[in-house]
file input01.txt (compact mmCIF, C-alpha atoms)
# COMPACT_ATOMS: atom_id res chain seq x y z
CA MET A 585 31.54 21.99 -0.42
CA THR A 586 33.98 19.45 -1.79
CA ALA A 587 33.46 15.72 -1.50
CA GLU A 588 36.56 15.54 0.71
CA VAL A 589 35.07 18.04 3.19
CA GLU A 590 31.72 16.22 3.16
CA ALA A 591 33.44 12.89 3.87
CA ALA A 592 35.39 14.45 6.76
CA ILE A 593 32.19 15.90 8.23
CA GLU A 594 30.52 12.49 8.06
CA ARG A 595 33.51 10.90 9.74
CA LEU A 596 33.32 13.43 12.58
CA LYS A 597 29.58 12.95 12.98
CA GLU A 598 30.04 9.17 13.17
CA THR A 599 32.37 9.65 16.13
CA GLY A 600 29.90 11.95 17.89
CA VAL A 601 31.59 15.25 17.10
CA ARG A 602 29.08 18.08 16.81
CA MET A 603 29.56 20.17 13.67
CA THR A 604 29.52 23.87 14.60
CA PRO A 605 29.82 26.61 11.97
CA GLN A 606 33.33 27.45 13.22
CA ARG A 607 34.41 23.81 13.16
CA HIS A 608 33.09 23.47 9.63
CA ALA A 609 34.93 26.63 8.53
CA VAL A 610 38.26 25.49 10.05
CA LEU A 611 37.90 22.06 8.44
CA ALA A 612 36.99 23.49 5.03
CA TYR A 613 39.88 25.96 5.20
CA LEU A 614 42.37 23.17 5.96
CA MET A 615 41.07 20.88 3.24
CA ASN A 616 40.88 23.59 0.59
CA ASN A 617 44.23 25.25 1.40
CA LEU A 618 47.01 22.69 1.45
CA ASN A 619 49.61 25.33 2.32
CA HIS A 620 50.32 23.87 5.79
CA PRO A 621 48.89 26.77 7.84
CA THR A 622 49.53 27.51 11.49
CA ALA A 623 46.62 27.93 13.90
CA ASP A 624 47.21 31.69 13.72
CA ASP A 625 47.02 31.59 9.90
CA ILE A 626 43.67 29.82 10.12
CA TYR A 627 42.39 32.24 12.76
CA LYS A 628 43.39 35.28 10.67
CA ALA A 629 41.73 33.81 7.58
CA LEU A 630 38.43 33.18 9.38
CA VAL A 631 38.11 35.89 12.04
CA ASP A 632 36.23 38.30 9.75
CA ARG A 633 33.53 35.65 9.20
CA PHE A 634 33.52 34.61 12.87
CA PRO A 635 34.37 37.66 15.00
CA ASN A 636 33.63 35.80 18.25
CA MET A 637 35.99 32.94 17.39
CA SER A 638 39.24 32.78 19.37
CA VAL A 639 42.61 31.24 18.58
CA ALA A 640 41.79 28.72 21.33
CA THR A 641 38.74 27.64 19.30
CA VAL A 642 41.00 26.99 16.31
CA TYR A 643 43.43 24.96 18.44
CA ASN A 644 40.59 22.95 19.99
CA ASN A 645 39.21 22.13 16.55
CA LEU A 646 42.65 21.17 15.26
CA ARG A 647 43.01 18.80 18.22
CA VAL A 648 39.64 17.20 17.38
CA PHE A 649 40.62 16.81 13.72
CA LYS A 650 43.99 15.34 14.68
CA GLU A 651 42.37 12.85 17.08
CA ASN A 652 40.04 11.77 14.27
CA GLY A 653 42.82 11.31 11.71
CA LEU A 654 41.83 14.24 9.51
CA VAL A 655 44.98 16.34 9.91
CA ARG A 656 48.54 15.84 11.00
CA GLU A 657 50.57 18.28 13.03
CA LEU A 658 53.94 19.24 11.61
CA THR A 659 56.55 20.51 14.03
CA TYR A 660 59.77 21.93 12.66
CA GLY A 661 62.28 23.48 15.04
CA ASP A 662 60.98 26.16 17.37
CA ALA A 663 58.43 27.51 14.91
CA SER A 664 54.69 27.16 15.41
CA SER A 665 53.10 23.87 14.49
CA ARG A 666 51.66 23.68 11.02
CA TYR A 667 48.75 21.51 9.99
CA ASP A 668 48.44 19.28 6.96
CA ALA A 669 45.10 17.88 5.78
CA ASN A 670 46.79 15.72 3.14
CA MET A 671 46.72 12.39 4.96
CA THR A 672 48.33 10.40 2.17
CA GLU A 673 51.89 9.28 2.81
CA HIS A 674 54.19 12.02 1.59
CA TYR A 675 57.22 14.08 2.49
CA HIS A 676 58.00 17.78 2.82
CA VAL A 677 60.47 20.25 1.35
CA ILE A 678 60.85 23.36 3.52
CA CYS A 679 62.23 26.73 2.45
CA THR A 680 64.89 27.95 4.88
CA GLU A 681 64.17 31.57 3.97
CA CYS A 682 60.39 32.02 3.87
CA GLY A 683 59.27 28.83 5.62
CA ALA A 684 57.09 27.60 2.74
CA ILE A 685 56.38 23.88 2.87
CA HIS A 686 55.72 21.81 -0.23
CA ASP A 687 54.60 18.18 -0.43
CA PHE A 688 56.33 15.57 -2.55
CA GLU A 689 56.10 11.84 -3.01
CA HIS A 690 58.75 9.42 -4.08
CA SER A 691 57.98 5.72 -4.39
CA TYR A 692 61.55 4.70 -3.62
CA LEU A 693 61.24 6.21 -0.15
CA PHE A 694 58.12 4.15 0.57
CA ASP A 695 60.05 1.05 -0.55
CA LEU A 696 62.88 2.04 1.79
CA GLU A 697 60.45 2.25 4.70
CA MET A 698 59.13 -1.24 3.95
CA GLN A 699 62.68 -2.61 3.66
CA ALA A 700 63.62 -1.03 6.99
CA GLY A 701 60.74 -2.86 8.63
CA GLU A 702 61.62 -6.15 6.97
CA ARG A 703 65.32 -5.94 7.85
CA THR A 704 64.86 -4.87 11.46
CA GLY A 705 61.65 -6.69 12.35
CA PHE A 706 60.08 -3.37 13.34
CA LYS A 707 56.45 -2.74 12.52
CA ILE A 708 56.86 0.73 11.03
CA SER A 709 53.99 2.96 12.14
CA GLU A 710 55.03 6.29 10.75
CA HIS A 711 57.86 8.16 9.11
CA ARG A 712 59.07 11.69 8.64
CA LEU A 713 61.40 13.07 6.02
CA GLU A 714 62.14 16.75 5.67
CA LEU A 715 64.34 18.30 3.05
CA TYR A 716 65.47 21.90 3.45
CA GLY A 717 66.47 24.37 0.78
CA VAL A 718 65.51 27.63 -0.89
CA CYS A 719 62.22 27.73 -2.81
CA PRO A 720 61.97 29.13 -6.37
CA ALA A 721 60.33 32.37 -5.19
CA CYS A 722 63.15 33.09 -2.71
CA GLN A 723 65.76 32.16 -5.32
CA SER A 724 64.17 34.65 -7.67
CA LYS A 725 64.25 37.37 -4.99
CA ARG A 726 67.96 36.68 -4.41
CA ARG A 727 68.74 37.24 -8.10
CA LYS A 728 67.04 40.64 -8.15
call {"tool": "encode", "arguments": {"input": "input01.txt", "output": "structure tokens"}}
result
Amino acid sequence: MTAEVEAAIERLKETGVRMTPQRHAVLAYLMNNLNHPTADDIYKALVDRFPNMSVATVYNNLRVFKENGLVRELTYGDASSRYDANMTEHYHVICTECGAIHDFEHSYLFDLEMQAGERTGFKISEHRLELYGVCPACQSKRRK
């Protein structure tokens, strides 16, 4: 178990959340696979280990993690929500062909957010920037 997963478990326990084997598995999957999975992706990855687990169990755990600041829900268009356990401030690049989502950071954008708050008097609480394009794997497929 990684230190990140252990810290998340402690955080949940401190808030009175009981750590079930399924909850632990969903949390570990999210923290060890930063590929922005959907609830269905998580369910499919874990159902062999937990045959009695339902998709509703996955959604309920995701809600608990979100409420405790351990994951963020990403909603893009009409597609299913995706979940991101990387809670650092970052942005996303999304492939318009396969739907892959990649994280990126750019310090200038954080400066822009601060300047927007200073210039408008707003207390900026969150931000969202999405860039869309075609990922390298899909570009490669196009060339073939």
call {"tool": "closest_residue", "arguments": {"input": "input01.txt", "among": "A:Ala684, A:Ala609, A:Leu654, A:Ala663", "to": "A:Met637", "atoms": "only C-alpha atoms"}}
result
A:Ala609
call {"tool": "closest_residue", "arguments": {"input": "input01.txt", "among": "A:Cys679, A:Ala592, A:Ala623, A:Ala612", "to": "A:Ala721", "atoms": "all atoms listed in the file"}}
result
A:Cys679
call {"tool": "closest_residue", "arguments": {"input": "input01.txt", "among": "A:His674, A:Lys597, A:Arg607, A:Lys728", "to": "A:Ser638", "atoms": "only C-alpha atoms"}}
result
A:Arg607
call {"tool": "closest_residue", "arguments": {"input": "input01.txt", "among": "A:Arg726, A:His676, A:His686, A:Lys628", "to": "A:His711", "atoms": "only C-alpha atoms"}}
result
A:His676
call {"tool": "closest_residue", "arguments": {"input": "input01.txt", "among": "A:Met698, A:Arg666, A:Glu681, A:Asn645", "to": "A:Gly717", "atoms": "only C-alpha atoms"}}
result
A:Glu681
call {"tool": "closest_residue", "arguments": {"input": "input01.txt", "among": "A:Leu713, A:Ile685, A:Val601, A:Leu614", "to": "A:Glu651", "atoms": "all atoms listed in the file"}}
result
A:Val601
call {"tool": "build_atoms", "arguments": {"input": "input01.txt", "residues": "stretch 675-686 of chain A", "atoms": "all heavy atoms", "output": "PDB file, in the coordinates of the input"}}
result
ATOM      1  N   TYR A 675      56.106  13.441   1.829  1.00  0.00           N
ATOM      2  CA  TYR A 675      57.220  14.080   2.490  1.00  0.00           C
ATOM      3  C   TYR A 675      57.143  15.589   2.267  1.00  0.00           C
ATOM      4  O   TYR A 675      56.293  16.067   1.515  1.00  0.00           O
ATOM      5  CB  TYR A 675      58.538  13.521   1.947  1.00  0.00           C
ATOM      6  CG  TYR A 675      58.583  12.012   2.085  1.00  0.00           C
ATOM      7  CD1 TYR A 675      58.217  11.191   1.026  1.00  0.00           C
ATOM      8  CD2 TYR A 675      58.958  11.425   3.288  1.00  0.00           C
ATOM      9  CE1 TYR A 675      58.239   9.807   1.163  1.00  0.00           C
ATOM     10  CE2 TYR A 675      58.986  10.042   3.422  1.00  0.00           C
ATOM     11  CZ  TYR A 675      58.623   9.241   2.372  1.00  0.00           C
ATOM     12  OH  TYR A 675      58.627   7.891   2.510  1.00  0.00           O
ATOM     13  N   HIS A 676      58.041  16.327   2.911  1.00  0.00           N
ATOM     14  CA  HIS A 676      58.000  17.780   2.820  1.00  0.00           C
ATOM     15  C   HIS A 676      59.362  18.375   2.473  1.00  0.00           C
ATOM     16  O   HIS A 676      60.391  17.915   2.958  1.00  0.00           O
ATOM     17  CB  HIS A 676      57.524  18.371   4.152  1.00  0.00           C
ATOM     18  CG  HIS A 676      56.126  17.972   4.477  1.00  0.00           C
ATOM     19  ND1 HIS A 676      55.828  17.013   5.401  1.00  0.00           N
ATOM     20  CD2 HIS A 676      54.943  18.383   3.963  1.00  0.00           C
ATOM     21  CE1 HIS A 676      54.523  16.855   5.466  1.00  0.00           C
ATOM     22  NE2 HIS A 676      53.965  17.671   4.594  1.00  0.00           N
ATOM     23  N   VAL A 677      59.317  19.424   1.658  1.00  0.00           N
ATOM     24  CA  VAL A 677      60.470  20.250   1.350  1.00  0.00           C
ATOM     25  C   VAL A 677      60.159  21.622   1.954  1.00  0.00           C
ATOM     26  O   VAL A 677      59.080  22.176   1.721  1.00  0.00           O
ATOM     27  CB  VAL A 677      60.707  20.384  -0.174  1.00  0.00           C
ATOM     28  CG1 VAL A 677      61.892  21.276  -0.447  1.00  0.00           C
ATOM     29  CG2 VAL A 677      60.907  19.028  -0.799  1.00  0.00           C
ATOM     30  N   ILE A 678      61.098  22.144   2.740  1.00  0.00           N
ATOM     31  CA  ILE A 678      60.850  23.360   3.520  1.00  0.00           C
ATOM     32  C   ILE A 678      61.862  24.430   3.126  1.00  0.00           C
ATOM     33  O   ILE A 678      63.077  24.174   3.112  1.00  0.00           O
ATOM     34  CB  ILE A 678      60.964  23.048   5.023  1.00  0.00           C
ATOM     35  CG1 ILE A 678      59.987  21.936   5.379  1.00  0.00           C
ATOM     36  CG2 ILE A 678      60.732  24.298   5.862  1.00  0.00           C
ATOM     37  CD1 ILE A 678      60.392  21.101   6.553  1.00  0.00           C
ATOM     38  N   CYS A 679      61.357  25.620   2.822  1.00  0.00           N
ATOM     39  CA  CYS A 679      62.230  26.730   2.450  1.00  0.00           C
ATOM     40  C   CYS A 679      62.854  27.318   3.713  1.00  0.00           C
ATOM     41  O   CYS A 679      62.149  27.679   4.660  1.00  0.00           O
ATOM     42  CB  CYS A 679      61.459  27.812   1.701  1.00  0.00           C
ATOM     43  SG  CYS A 679      62.518  29.209   1.201  1.00  0.00           S
ATOM     44  N   THR A 680      64.177  27.420   3.718  1.00  0.00           N
ATOM     45  CA  THR A 680      64.890  27.950   4.880  1.00  0.00           C
ATOM     46  C   THR A 680      64.800  29.468   4.975  1.00  0.00           C
ATOM     47  O   THR A 680      65.175  30.040   5.996  1.00  0.00           O
ATOM     48  CB  THR A 680      66.379  27.541   4.835  1.00  0.00           C
ATOM     49  OG1 THR A 680      66.939  27.971   3.592  1.00  0.00           O
ATOM     50  CG2 THR A 680      66.536  26.041   4.991  1.00  0.00           C
ATOM     51  N   GLU A 681      64.274  30.106   3.930  1.00  0.00           N
ATOM     52  CA  GLU A 681      64.170  31.570   3.970  1.00  0.00           C
ATOM     53  C   GLU A 681      62.767  32.038   4.315  1.00  0.00           C
ATOM     54  O   GLU A 681      62.596  32.839   5.217  1.00  0.00           O
ATOM     55  CB  GLU A 681      64.643  32.162   2.644  1.00  0.00           C
ATOM     56  CG  GLU A 681      66.133  31.950   2.461  1.00  0.00           C
ATOM     57  CD  GLU A 681      66.725  32.730   1.314  1.00  0.00           C
ATOM     58  OE1 GLU A 681      66.060  33.623   0.760  1.00  0.00           O
ATOM     59  OE2 GLU A 681      67.880  32.428   0.971  1.00  0.00           O
ATOM     60  N   CYS A 682      61.751  31.533   3.623  1.00  0.00           N
ATOM     61  CA  CYS A 682      60.390  32.020   3.870  1.00  0.00           C
ATOM     62  C   CYS A 682      59.536  31.046   4.671  1.00  0.00           C
ATOM     63  O   CYS A 682      58.446  31.388   5.115  1.00  0.00           O
ATOM     64  CB  CYS A 682      59.696  32.367   2.554  1.00  0.00           C
ATOM     65  SG  CYS A 682      59.255  30.919   1.548  1.00  0.00           S
ATOM     66  N   GLY A 683      60.012  29.815   4.843  1.00  0.00           N
ATOM     67  CA  GLY A 683      59.270  28.830   5.620  1.00  0.00           C
ATOM     68  C   GLY A 683      58.201  28.074   4.848  1.00  0.00           C
ATOM     69  O   GLY A 683      57.484  27.264   5.431  1.00  0.00           O
ATOM     70  N   ALA A 684      58.078  28.316   3.547  1.00  0.00           N
ATOM     71  CA  ALA A 684      57.090  27.600   2.740  1.00  0.00           C
ATOM     72  C   ALA A 684      57.346  26.098   2.810  1.00  0.00           C
ATOM     73  O   ALA A 684      58.502  25.661   2.867  1.00  0.00           O
ATOM     74  CB  ALA A 684      57.149  28.067   1.287  1.00  0.00           C
ATOM     75  N   ILE A 685      56.277  25.328   2.825  1.00  0.00           N
ATOM     76  CA  ILE A 685      56.380  23.880   2.870  1.00  0.00           C
ATOM     77  C   ILE A 685      55.648  23.316   1.659  1.00  0.00           C
ATOM     78  O   ILE A 685      54.504  23.677   1.408  1.00  0.00           O
ATOM     79  CB  ILE A 685      55.736  23.305   4.159  1.00  0.00           C
ATOM     80  CG1 ILE A 685      56.410  23.892   5.399  1.00  0.00           C
ATOM     81  CG2 ILE A 685      55.811  21.792   4.174  1.00  0.00           C
ATOM     82  CD1 ILE A 685      55.731  23.517   6.698  1.00  0.00           C
ATOM     83  N   HIS A 686      56.329  22.445   0.932  1.00  0.00           N
ATOM     84  CA  HIS A 686      55.720  21.810  -0.230  1.00  0.00           C
ATOM     85  C   HIS A 686      55.755  20.294  -0.052  1.00  0.00           C
ATOM     86  O   HIS A 686      56.721  19.745   0.478  1.00  0.00           O
ATOM     87  CB  HIS A 686      56.466  22.201  -1.520  1.00  0.00           C
ATOM     88  CG  HIS A 686      56.355  23.653  -1.820  1.00  0.00           C
ATOM     89  ND1 HIS A 686      55.366  24.168  -2.610  1.00  0.00           N
ATOM     90  CD2 HIS A 686      57.104  24.712  -1.414  1.00  0.00           C
ATOM     91  CE1 HIS A 686      55.510  25.480  -2.683  1.00  0.00           C
ATOM     92  NE2 HIS A 686      56.562  25.825  -1.955  1.00  0.00           N
TER      93      HIS A 686
END
